[in-house]
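S.K.: Provided herewith: work_10.tsv, TSV, C-alpha atoms.
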chain	number	residue	atom	x	y	z
A	745	MET	CA	21.91	-22.23	20.75
A	746	SER	CA	18.74	-22.01	22.81
A	747	GLU	CA	20.70	-20.58	25.74
A	748	TRP	CA	22.05	-17.90	23.45
A	749	ASN	CA	18.48	-17.16	22.28
A	750	ASP	CA	17.29	-16.97	25.89
A	751	LEU	CA	20.02	-14.48	26.67
A	752	VAL	CA	19.23	-12.38	23.59
A	753	ASN	CA	15.52	-12.42	24.34
A	754	PHE	CA	16.21	-11.34	27.92
A	755	PHE	CA	18.00	-8.24	26.70
A	756	ARG	CA	15.52	-7.59	23.90
A	757	GLY	CA	12.73	-7.47	26.44
A	758	ARG	CA	14.58	-4.88	28.45
A	759	SER	CA	15.27	-2.29	25.79
A	760	MET	CA	12.15	-2.04	23.69
A	761	TRP	CA	11.97	1.26	21.87
A	762	MET	CA	8.55	2.30	20.75
A	763	LEU	CA	7.88	4.16	17.57
A	764	HIS	CA	6.61	7.64	18.36
A	765	TYR	CA	3.59	7.33	16.11
A	766	CYS	CA	0.01	7.89	17.14
A	767	THR	CA	-3.10	7.11	15.16
A	768	GLY	CA	-6.29	7.52	17.17
A	769	CYS	CA	-7.51	8.97	20.44
A	770	GLY	CA	-5.43	6.53	22.50
A	771	ALA	CA	-2.39	8.69	21.92
A	772	ILE	CA	-3.63	10.96	24.69
A	773	GLU	CA	-2.84	8.21	27.20
A	774	LEU	CA	0.80	8.11	26.15
A	775	PRO	CA	2.10	11.45	27.50
A	776	PRO	CA	1.26	10.51	31.13
A	777	THR	CA	2.70	7.05	30.49
A	778	MET	CA	5.94	8.54	29.18
A	779	THR	CA	6.37	11.34	31.67
A	780	SER	CA	7.17	11.42	35.35
A	781	ARG	CA	3.92	10.11	36.81
A	782	TRP	CA	4.05	6.60	35.31
A	783	ASP	CA	7.47	6.90	33.67
A	784	MET	CA	7.70	3.99	31.27
A	785	GLU	CA	11.44	4.50	30.89
A	786	ARG	CA	11.72	2.40	34.05
A	787	PHE	CA	10.97	-0.56	31.80
A	788	GLY	CA	13.51	0.45	29.17
A	789	ILE	CA	10.84	1.78	26.84
A	790	ILE	CA	11.50	5.13	25.22
A	791	PRO	CA	9.88	6.84	22.24
A	792	MET	CA	11.93	6.69	19.07
A	793	ALA	CA	11.47	8.95	16.08
A	794	THR	CA	12.20	6.64	13.16
A	795	PRO	CA	10.71	3.24	12.33
A	796	ARG	CA	14.08	1.72	11.53
A	797	GLN	CA	15.29	2.19	15.08
A	798	ALA	CA	12.06	1.15	16.79
A	799	ASP	CA	10.97	-2.23	18.17
A	800	ILE	CA	7.36	-1.69	19.17
A	801	LEU	CA	4.59	-0.21	17.06
A	802	LEU	CA	1.66	1.05	19.09
A	803	ILE	CA	-1.63	1.24	17.24
A	804	THR	CA	-3.31	3.72	19.53
A	805	GLY	CA	-6.96	3.41	18.63
A	806	TYR	CA	-9.02	3.48	15.48
A	807	LEU	CA	-7.38	3.15	12.11
A	808	ALA	CA	-8.93	4.61	9.01
A	809	GLU	CA	-8.21	2.90	5.73
A	810	LYS	CA	-5.95	5.77	4.79
A	811	THR	CA	-3.95	5.50	8.00
A	812	LEU	CA	-3.72	1.72	7.70
A	813	LYS	CA	-1.80	2.11	4.46
A	814	ARG	CA	0.75	4.31	6.21
A	815	VAL	CA	0.89	1.97	9.17
A	816	ILE	CA	1.73	-0.93	6.87
A	817	TYR	CA	4.51	1.12	5.21
A	818	THR	CA	5.83	1.92	8.67
A	819	TYR	CA	5.56	-1.62	9.94
A	820	GLU	CA	7.41	-3.01	6.96
A	821	GLN	CA	10.20	-0.47	7.42
A	822	MET	CA	10.83	-1.56	10.99
A	823	SER	CA	13.58	-4.10	11.35
A	824	ALA	CA	12.88	-7.43	13.01
A	825	PRO	CA	12.37	-8.30	15.80
A	826	LYS	CA	9.35	-6.02	16.04
A	827	TRP	CA	6.13	-6.17	17.97
A	828	VAL	CA	2.72	-4.62	17.56
A	829	LEU	CA	0.47	-3.56	20.43
A	830	GLY	CA	-3.19	-2.90	19.69
A	831	PHE	CA	-4.84	-0.32	21.93
A	832	GLY	CA	-8.47	-0.44	22.88
A	833	SER	CA	-11.51	-1.99	21.33
A	834	CYS	CA	-11.14	-0.29	17.95
A	835	THR	CA	-8.19	-2.42	16.93
A	836	ILE	CA	-10.02	-5.60	18.00
A	837	ASN	CA	-13.34	-5.25	16.20
A	838	GLY	CA	-13.88	-1.63	15.29
A	839	GLY	CA	-15.21	-0.59	18.70
A	840	ILE	CA	-17.66	2.27	18.43
A	841	TYR	CA	-16.80	2.51	14.74
A	842	TRP	CA	-18.26	-0.95	14.12
A	843	ASP	CA	-20.44	0.33	11.25
A	844	SER	CA	-18.12	2.99	9.90
A	845	TYR	CA	-17.27	3.20	6.22
A	846	SER	CA	-13.69	4.25	6.76
A	847	VAL	CA	-12.46	2.60	9.96
A	848	ILE	CA	-11.09	-0.91	9.61
A	849	GLN	CA	-12.56	-3.49	11.93
A	850	ASN	CA	-9.94	-6.13	12.57
A	851	LEU	CA	-6.33	-5.00	12.66
A	852	ASP	CA	-5.03	-8.56	12.94
A	853	LYS	CA	-6.06	-9.20	9.34
A	854	TYR	CA	-3.62	-6.64	7.98
A	855	ILE	CA	-0.64	-6.75	10.32
A	856	PRO	CA	0.05	-9.29	13.07
A	857	VAL	CA	-0.79	-8.02	16.56
A	858	ASP	CA	1.15	-9.49	19.48
A	859	LEU	CA	-0.93	-8.12	22.31
A	860	TYR	CA	-4.22	-6.29	22.68
A	861	ILE	CA	-5.01	-3.92	25.51
A	862	ALA	CA	-8.71	-3.80	26.35
A	863	GLY	CA	-10.46	-0.55	27.15
A	864	CYS	CA	-11.76	2.53	25.47
A	865	MET	CA	-9.16	3.92	26.03
A	866	PRO	CA	-6.86	1.91	28.33
A	867	ARG	CA	-5.48	3.80	31.30
A	868	PRO	CA	-1.71	4.25	31.69
A	869	GLU	CA	-1.70	1.45	34.27
A	870	ALA	CA	-3.13	-0.90	31.66
A	871	ILE	CA	-0.50	0.22	29.15
A	872	LEU	CA	2.31	-0.42	31.63
A	873	ASP	CA	0.76	-3.79	32.42
A	874	ALA	CA	0.77	-4.58	28.70
A	875	PHE	CA	4.42	-3.57	28.42
A	876	VAL	CA	5.31	-5.90	31.26
A	877	LYS	CA	3.31	-8.71	29.66
A	878	LEU	CA	4.97	-8.07	26.32
A	879	ARG	CA	8.35	-8.20	28.01
A	880	GLU	CA	7.46	-11.59	29.47
A	881	LEU	CA	6.34	-12.82	26.05
A	882	VAL	CA	9.53	-11.56	24.44
A	883	LYS	CA	11.63	-13.15	27.17
A	884	LYS	CA	9.93	-16.50	26.60
A	885	GLY	CA	10.27	-16.05	22.84
A	886	GLU	CA	6.51	-16.26	22.30
A	887	ALA	CA	5.87	-12.90	20.67
A	888	LYS	CA	6.55	-13.96	17.10
A	889	GLY	CA	4.19	-11.73	15.16
A	890	TYR	CA	6.91	-10.60	12.76
A	891	GLU	CA	7.67	-14.20	11.82
A	892	LYS	CA	3.97	-14.84	11.33
A	893	TYR	CA	3.87	-11.89	8.95
A	894	VAL	CA	6.75	-13.20	6.86
A	895	ASN	CA	5.45	-16.79	6.80
A	896	ASN	CA	1.85	-15.82	5.95
A	897	TYR	CA	2.68	-12.83	3.81
A	898	GLU	CA	0.34	-13.91	0.96
A	899	TRP	CA	-2.64	-13.96	3.30
A	900	TYR	CA	-1.86	-10.56	4.81
A	901	LYS	CA	-1.10	-9.10	1.39
A	902	ALA	CA	-4.40	-10.40	-0.01
A	903	ASN	CA	-6.30	-8.78	2.84
A	904	GLN	CA	-4.45	-5.50	2.32
A	905	ASP	CA	-5.01	-5.55	-1.43
A	906	ARG	CA	-8.70	-6.14	-0.85
A	907	LEU	CA	-8.81	-2.61	0.54
A	908	PHE	CA	-6.17	-0.75	-1.41
A	909	LYS	CA	-6.35	-2.32	-4.85
A	910	ARG	CA	-10.06	-2.84	-5.28
A	911	THR	CA	-11.32	-1.79	-8.67
A	912	THR	CA	-15.06	-2.32	-8.26
A	913	PRO	CA	-17.46	-0.63	-5.84
A	914	VAL	CA	-18.19	-2.54	-2.66
A	915	LEU	CA	-21.93	-1.95	-2.84
A	916	LYS	CA	-23.96	-0.81	-5.83
A	917	LYS	CA	-22.34	1.38	-8.41
A	918	ALA	CA	-22.47	5.05	-7.53
A	919	GLU	CA	-24.08	5.97	-10.87
A	920	GLU	CA	-26.92	3.48	-10.34
A	921	VAL	CA	-27.72	4.94	-6.93
A	922	ILE	CA	-27.68	8.48	-8.27
A	923	LYS	CA	-29.94	7.45	-11.16
A	924	SER	CA	-32.44	5.68	-8.89
A	925	ALA	CA	-32.65	8.70	-6.56
B	581	MET	CA	-28.91	44.34	14.49
B	582	LEU	CA	-31.25	46.92	13.05
B	583	GLU	CA	-28.44	48.37	11.00
B	584	ILE	CA	-27.82	45.04	9.33
B	585	GLN	CA	-31.53	44.56	8.67
B	586	GLU	CA	-31.69	47.98	7.03
B	587	LYS	CA	-28.72	47.17	4.87
B	588	LEU	CA	-30.15	43.84	3.76
B	589	LYS	CA	-33.58	45.22	2.96
B	590	PRO	CA	-32.77	46.49	-0.54
B	591	MET	CA	-31.56	42.98	-1.37
B	592	GLY	CA	-35.04	41.67	-0.61
B	593	LEU	CA	-33.73	39.13	1.87
B	594	LYS	CA	-35.50	37.79	4.90
B	595	VAL	CA	-33.22	37.74	7.92
B	596	ARG	CA	-33.86	35.30	10.72
B	597	TRP	CA	-31.96	36.05	13.93
B	598	LEU	CA	-30.69	33.02	15.86
B	599	GLY	CA	-29.26	35.12	18.67
B	600	ASP	CA	-27.65	38.48	19.29
B	601	TRP	CA	-24.66	37.62	17.19
B	602	GLU	CA	-25.91	35.30	14.48
B	603	PHE	CA	-28.48	35.44	11.68
B	604	GLU	CA	-29.38	33.31	8.72
B	605	VAL	CA	-30.66	34.05	5.25
B	606	SER	CA	-32.01	31.56	2.74
B	607	VAL	CA	-31.34	32.43	-0.86
B	608	PRO	CA	-32.13	30.81	-4.22
B	609	ARG	CA	-29.22	29.25	-6.03
B	610	GLU	CA	-28.77	31.92	-8.68
B	611	ARG	CA	-28.37	34.68	-6.06
B	612	VAL	CA	-25.74	33.04	-3.84
B	613	ALA	CA	-22.71	34.75	-5.39
B	614	GLU	CA	-24.48	38.12	-5.31
B	615	VAL	CA	-25.50	37.80	-1.65
B	616	LEU	CA	-22.14	36.49	-0.51
B	617	SER	CA	-20.20	39.28	-2.21
B	618	TYR	CA	-22.64	41.86	-0.81
B	619	LEU	CA	-22.17	40.46	2.69
B	620	LYS	CA	-18.42	40.60	2.15
B	621	THR	CA	-18.58	44.31	1.40
B	622	MET	CA	-20.70	44.74	4.55
B	623	GLY	CA	-17.84	43.47	6.72
B	624	PHE	CA	-18.35	39.74	6.65
B	625	LYS	CA	-14.82	39.29	5.38
B	626	THR	CA	-14.09	35.92	6.94
B	627	PHE	CA	-15.33	32.73	5.40
B	628	ILE	CA	-15.50	30.17	8.20
B	629	HIS	CA	-16.97	27.04	6.78
B	630	LEU	CA	-18.99	25.43	4.06
B	631	ALA	CA	-21.29	22.65	5.19
B	632	CYS	CA	-23.79	20.44	3.43
B	633	VAL	CA	-26.96	18.67	4.54
B	634	ASP	CA	-28.68	15.89	2.64
B	635	TRP	CA	-32.47	16.41	2.94
B	636	ILE	CA	-33.38	13.13	1.35
B	637	ASP	CA	-37.15	13.47	1.98
B	638	ASP	CA	-37.19	16.78	0.11
B	639	GLN	CA	-34.76	15.38	-2.51
B	640	GLU	CA	-32.53	18.37	-1.94
B	641	PHE	CA	-29.03	19.21	-0.79
B	642	GLU	CA	-28.57	22.25	1.40
B	643	LEU	CA	-25.29	24.14	1.26
B	644	ILE	CA	-24.51	26.34	4.24
B	645	TYR	CA	-21.99	29.16	4.01
B	646	ASN	CA	-20.82	30.46	7.40
B	647	LEU	CA	-19.37	33.96	7.42
B	648	GLU	CA	-18.02	36.13	10.18
B	649	SER	CA	-17.51	39.83	10.72
B	650	TYR	CA	-14.91	40.57	13.37
B	651	GLU	CA	-15.62	44.31	13.36
B	652	ASN	CA	-19.29	43.88	14.23
B	653	ALA	CA	-18.87	40.61	16.14
B	654	LEU	CA	-21.50	38.95	13.97
B	655	GLN	CA	-21.90	35.68	12.16
B	656	ALA	CA	-23.97	35.15	9.04
B	657	ILE	CA	-25.33	31.88	7.72
B	658	VAL	CA	-26.29	31.74	4.07
B	659	LYS	CA	-28.34	28.72	3.06
B	660	VAL	CA	-29.07	27.50	-0.41
B	661	ARG	CA	-30.92	24.43	-1.60
B	662	ILE	CA	-30.07	22.56	-4.78
B	663	PRO	CA	-31.89	19.59	-6.30
B	664	ARG	CA	-30.57	16.19	-5.33
B	665	ASN	CA	-30.86	14.57	-8.74
B	666	ASN	CA	-28.73	17.29	-10.36
B	667	PRO	CA	-26.27	18.38	-7.67
B	668	VAL	CA	-24.43	21.21	-9.39
B	669	MET	CA	-23.33	24.45	-7.79
B	670	GLU	CA	-21.15	27.37	-8.80
B	671	SER	CA	-17.79	27.62	-7.09
B	672	MET	CA	-17.38	30.60	-4.77
B	673	MET	CA	-13.62	30.67	-5.22
B	674	SER	CA	-13.74	34.09	-6.84
B	675	ILE	CA	-15.03	35.57	-3.56
B	676	TRP	CA	-12.95	33.52	-1.11
B	677	GLY	CA	-10.13	31.38	-2.49
B	678	LEU	CA	-10.49	29.32	0.66
B	679	CYS	CA	-13.69	27.79	-0.71
B	680	GLN	CA	-11.58	25.55	-2.91
B	681	VAL	CA	-10.74	23.16	-0.08
B	682	TYR	CA	-14.26	23.06	1.35
B	683	GLU	CA	-15.81	22.47	-2.04
B	684	ARG	CA	-13.38	19.67	-2.69
B	685	GLU	CA	-14.42	18.04	0.58
B	686	ILE	CA	-18.13	18.46	-0.10
B	687	HIS	CA	-17.60	17.06	-3.58
B	688	GLU	CA	-15.97	13.97	-2.13
B	689	PHE	CA	-18.51	13.32	0.62
B	690	PHE	CA	-21.76	14.34	-1.14
B	691	GLY	CA	-20.90	14.17	-4.82
B	692	ILE	CA	-21.81	17.77	-5.56
B	693	GLU	CA	-20.20	19.20	-8.67
B	694	PHE	CA	-18.72	22.69	-8.27
B	695	ILE	CA	-18.43	24.55	-11.54
B	696	GLY	CA	-15.24	26.57	-11.72
B	697	ASN	CA	-13.31	24.67	-9.08
B	698	PRO	CA	-10.16	23.43	-10.81
B	699	ASN	CA	-9.27	20.67	-8.36
B	700	LEU	CA	-11.95	18.27	-7.14
B	701	LYS	CA	-9.66	15.25	-6.83
B	702	PRO	CA	-10.17	12.73	-3.99
B	703	PHE	CA	-9.21	14.30	-0.71
B	704	PHE	CA	-9.66	12.18	2.43
B	705	LEU	CA	-10.93	8.83	1.26
B	706	GLU	CA	-8.66	6.07	0.05
B	707	ASN	CA	-9.59	4.42	-3.23
B	708	TRP	CA	-13.28	5.29	-2.99
B	709	LEU	CA	-15.51	3.85	-5.73
B	710	ASP	CA	-18.92	3.78	-4.06
B	711	THR	CA	-21.70	6.30	-3.48
B	712	PRO	CA	-20.35	9.38	-1.68
B	713	PRO	CA	-20.43	8.24	1.95
B	714	LEU	CA	-22.30	11.08	3.64
B	715	ARG	CA	-25.35	10.75	1.41
B	716	LYS	CA	-28.29	9.45	3.38
B	717	ASP	CA	-28.94	6.60	0.93
B	718	PHE	CA	-25.48	5.18	1.52
B	719	ASP	CA	-25.63	2.18	3.85
B	720	THR	CA	-22.48	2.35	5.96
B	721	LEU	CA	-23.27	-0.85	7.87
B	722	ALA	CA	-23.68	-2.96	4.74
B	723	TYR	CA	-20.56	-1.37	3.28
B	724	SER	CA	-18.40	-2.06	6.32
B	725	GLN	CA	-19.68	-5.63	6.69
B	726	GLU	CA	-19.01	-6.29	3.04
B	727	LEU	CA	-15.56	-4.71	2.87
B	728	PHE	CA	-14.13	-5.62	6.26
B	729	GLU	CA	-15.85	-9.05	6.34
B	730	PHE	CA	-17.12	-8.62	9.86
B	731	LYS	CA	-18.12	-11.97	11.29
B	732	GLU	CA	-19.84	-12.74	14.58
B	733	ASP	CA	-17.37	-15.47	15.51
B	734	GLU	CA	-14.48	-13.05	15.18
B	735	THR	CA	-15.84	-10.85	17.94
B	736	HIS	CA	-14.85	-13.25	20.70
B	737	GLY	CA	-18.46	-13.86	21.65
B	738	ILE	CA	-19.39	-10.18	21.83
B	739	GLU	CA	-22.43	-9.41	19.70
B	740	ALA	CA	-22.62	-6.25	17.69
B	741	PRO	CA	-24.91	-3.70	19.36
B	742	GLU	CA	-28.36	-3.05	17.97
B	743	ARG	CA	-28.39	-0.44	15.27
B	744	ILE	CA	-30.04	2.82	16.30
B	745	GLU	CA	-32.23	4.16	13.54
Represent the structure from my file as structure tokens, please.
M.R.:
Amino acid sequence: MSEWNDLVNFFRGRSMWMLHYCTGCGAIELPPTMTSRWDMERFGIIPMATPRQADILLITGYLAEKTLKRVIYTYEQMSAPKWVLGFGSCTINGGIYWDSYSVIQNLDKYIPVDLYIAGCMPRPEAILDAFVKLRELVKKGEAKGYEKYVNNYEWYKANQDRLFKRTTPVLKKAEEVIKSA
Amino acid sequence: MLEIQEKLKPMGLKVRWLGDWEFEVSVPRERVAEVLSYLKTMGFKTFIHLACVDWIDDQEFELIYNLESYENALQAIVKVRIPRNNPVMESMMSIWGLCQVYEREIHEFFGIEFIGNPNLKPFFLENWLDTPPLRKDFDTLAYSQELFEFKEDETHGIEAPERIE
């Protein structure tokens, strides 16, 4: 059975379709990566329009709370096996939005990230390097973020609900602040 | 330039020129609708933007209406100050319907009430229950640390930069 898995993983790594979905400023690095100069189709990676047909979800940069909700919908619609690539420092710890009220700080709390690309923003070479690394991980069967998500769903769901289903203000109540002003 | 000044004189408004193509007028709250509709008849037909500034030391909000006249290649800035403890303003939707969207945004980010605007529902923010975020007394750092549970050990050894005041 493991030989069969090795074979499947080999082919999975060679036809990863990425969801054509861009969130932050990192999306600007994708057109040169897709088109003739760097040409990521060499690695079997092409943009795909619908989440159900895609294998990779690129989180290209900062994610506002509002976008995160849509990203989670999208991620859950994708069929396994699926992988998430986090672009740049924003997905790691908020980056330059480290004190922002709307940008989330740690993407890994809400959906499992298989690979981070450092940089603000990463150059196309770094993106291609990440694709190659992801391919290696997939081939070895080590990129198991989607299984992590299913197995630890309660933890991820609790983190997501902390943002989307909160019923009390995070800081002082708005009325109290207005009154004290 | 002189023509405009002549035309604004009967309104009793002081015009301050910021350049060859831009001037600003400060008006009291009760005269905003009057001045804006007068400027509209003068050719400032395009409403560009509504902005807001929180002057927390003066305990005032400043609303800034940007208008443009394509015929005369001129821009007008109309400024009005309203008290911070009672942030209420009349909607300018009867002059430019476009104001609806801008007022909704200002309402969300500064908490200013616009009388006459039928739809001031949440616009950009997701499930917001705190002080409007662009008010100066809102502490974004404390908010983000509290909500996103930022911890030093989760930064892989990288310390958060010093906060610039």
S.K.: For the contact check between chain A and chain B, emit one row per residue of chain A within 12 Å, containing the shortest atom pair and the distance in Å rounded to one decimal, counting only C-alpha atoms, chain then rising number order, as a tab-separated table.
M.R.:
residue	atom	partner	partner_atom	distance
A:Ala808	CA	B:Leu705	CA	9.0
A:Glu809	CA	B:Glu706	CA	6.5
A:Lys810	CA	B:Glu706	CA	5.5
A:Thr811	CA	B:Glu706	CA	9.3
A:Leu812	CA	B:Glu706	CA	10.1
A:Lys813	CA	B:Glu706	CA	9.1
A:Arg814	CA	B:Glu706	CA	11.4
A:Ser833	CA	B:Thr735	CA	10.4
A:Cys834	CA	B:Thr735	CA	11.6
A:Thr835	CA	B:Thr735	CA	11.4
A:Ile836	CA	B:Thr735	CA	7.8
A:Asn837	CA	B:Thr735	CA	6.4
A:Gly838	CA	B:Phe730	CA	9.4
A:Gly839	CA	B:Ala740	CA	9.4
A:Ile840	CA	B:Pro741	CA	9.4
A:Tyr841	CA	B:Ser724	CA	9.7
A:Trp842	CA	B:Ala740	CA	7.7
A:Asp843	CA	B:Leu721	CA	4.6
A:Ser844	CA	B:Thr720	CA	5.9
A:Tyr845	CA	B:Thr720	CA	5.3
A:Ser846	CA	B:Leu705	CA	7.7
A:Val847	CA	B:Ser724	CA	8.4
A:Ile848	CA	B:Phe728	CA	6.5
A:Gln849	CA	B:Phe728	CA	6.3
A:Asn850	CA	B:Phe728	CA	7.6
A:Leu851	CA	B:Phe728	CA	10.1
A:Asp852	CA	B:Glu734	CA	10.7
A:Lys853	CA	B:Phe728	CA	9.4
A:Tyr854	CA	B:Phe728	CA	10.7
A:Asn903	CA	B:Phe728	CA	9.1
A:Gln904	CA	B:Phe728	CA	10.5
A:Asp905	CA	B:Asn707	CA	11.1
A:Arg906	CA	B:Leu727	CA	7.9
A:Leu907	CA	B:Leu727	CA	7.4
A:Phe908	CA	B:Asn707	CA	6.5
A:Lys909	CA	B:Asn707	CA	7.7
A:Arg910	CA	B:Asn707	CA	7.6
A:Thr911	CA	B:Leu709	CA	7.6
A:Thr912	CA	B:Leu709	CA	6.7
A:Pro913	CA	B:Leu709	CA	4.9
A:Val914	CA	B:Leu727	CA	6.5
A:Leu915	CA	B:Tyr723	CA	6.3
A:Lys916	CA	B:Asp710	CA	7.0
A:Lys917	CA	B:Asp710	CA	6.0
A:Ala918	CA	B:Thr711	CA	4.3
A:Glu919	CA	B:Thr711	CA	7.8
A:Glu920	CA	B:Thr711	CA	9.1
A:Val921	CA	B:Thr711	CA	7.1
A:Ile922	CA	B:Asn665	CA	6.9
A:Lys923	CA	B:Asn665	CA	7.6
A:Ser924	CA	B:Asn665	CA	9.0
A:Ala925	CA	B:Asn665	CA	6.5
S.K.: Find the residue from A:Trp748, A:Tyr890, A:Trp827, A:Tyr897 that sits nearest to Leu859 (chain A); use all atoms listed in the file when measuring.
M.R.: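 Among A:Trp748, A:Tyr890, A:Trp827, A:Tyr897, it is A:Trp827 that comes nearest to Leu859 (chain A).
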S.K.: Out of B:Leu630, B:Met673, B:Ile644, B:Val615, which residue has the shortest atom-to-atom distance to Glu685 (chain B) when counting only C-alpha atoms?
M.R.: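 Checking each candidate against Glu685 (chain B), we get B:Leu630 as the closest.
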S.K.: I'd like the neighbourhood of region 591-597 of chain B as a list in words, where a residue qualifies if any of its atoms comes within 8 Å (using all atoms listed in the file), though same-chain residues fewer than 4 positions away should be ignored.
M.R.: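 So, after excluding close chain neighbours, the residues are Gln585, Glu602, Phe603, Glu604, Val605, Ser606, Val607 and Val615 of chain B.
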S.K.: Between CA of Glu640 (chain B) and CA of Leu616 (chain B), what is the spacing in Å?
M.R.: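 Calculated distance between CA of Leu616 (chain B) and CA of Glu640 (chain B) is 20.9 Å.
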S.K.: Considering all atoms listed in the file, state which residue in the set B:Leu654, B:Lys625, B:Ser649, B:Ile662 is at the smallest distance from Glu610 (chain B).
M.R.: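 Looking only at the distances to Glu610 (chain B), the closest residue turns out to be B:Ile662.
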S.K.: Would you mind telling me which residue in B:Pro702, B:Gly623, B:Pro608, B:Pro590 lies nearest to Leu643 (chain B) when using all atoms listed in the file?
M.R.: B:Pro608
S.K.: Do a neighbour search on Gly805 (chain A) at 8 Å with all atoms listed in the file, toss out local chain neighbours closer than 4 positions, and write the hits as number ranges by chain.
M.R.: A: 767-771, 830-835, 865
S.K.: Measure the distance from CA of Gly696 (chain B) to CA of Glu683 (chain B) in Å and round it to one decimal.
M.R.: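 Computing the Euclidean distance for CA of Gly696 (chain B) and CA of Glu683 (chain B) yields 10.5 Å.
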S.K.: For Lys826 (chain A), work out the shell of residues within 8 Å, counting only C-alpha atoms and skipping chain neighbours fewer than 4 positions away, then give it as an MDAnalysis selection string.
M.R.: chainID A and resid 798:801 822 889:890
S.K.: So which residues touch Phe755 (chain A) within 12 Å, counting only C-alpha atoms, skipping near sequence neighbours fewer than 3 positions away, as a PyMOL selection string?
M.R.: chain A and resi 748-752+758-760+787-788+879-880+882-885
S.K.: Env of Val681 (chain B): 12 Å cut, atoms = all atoms listed in the file, seq-sep filter 4 positions within chain, self excluded. Answer as an NGL selection string.
M.R.: :B and (627-631 or 671-673 or 676-677 or 685-688 or 694 or 697-704)
S.K.: To one decimal place in Å, what is the distance between CA of Pro775 (chain A) and CA of Val857 (chain A)?
M.R.: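 Rounded to one decimal, the two atoms are 22.5 Å apart.
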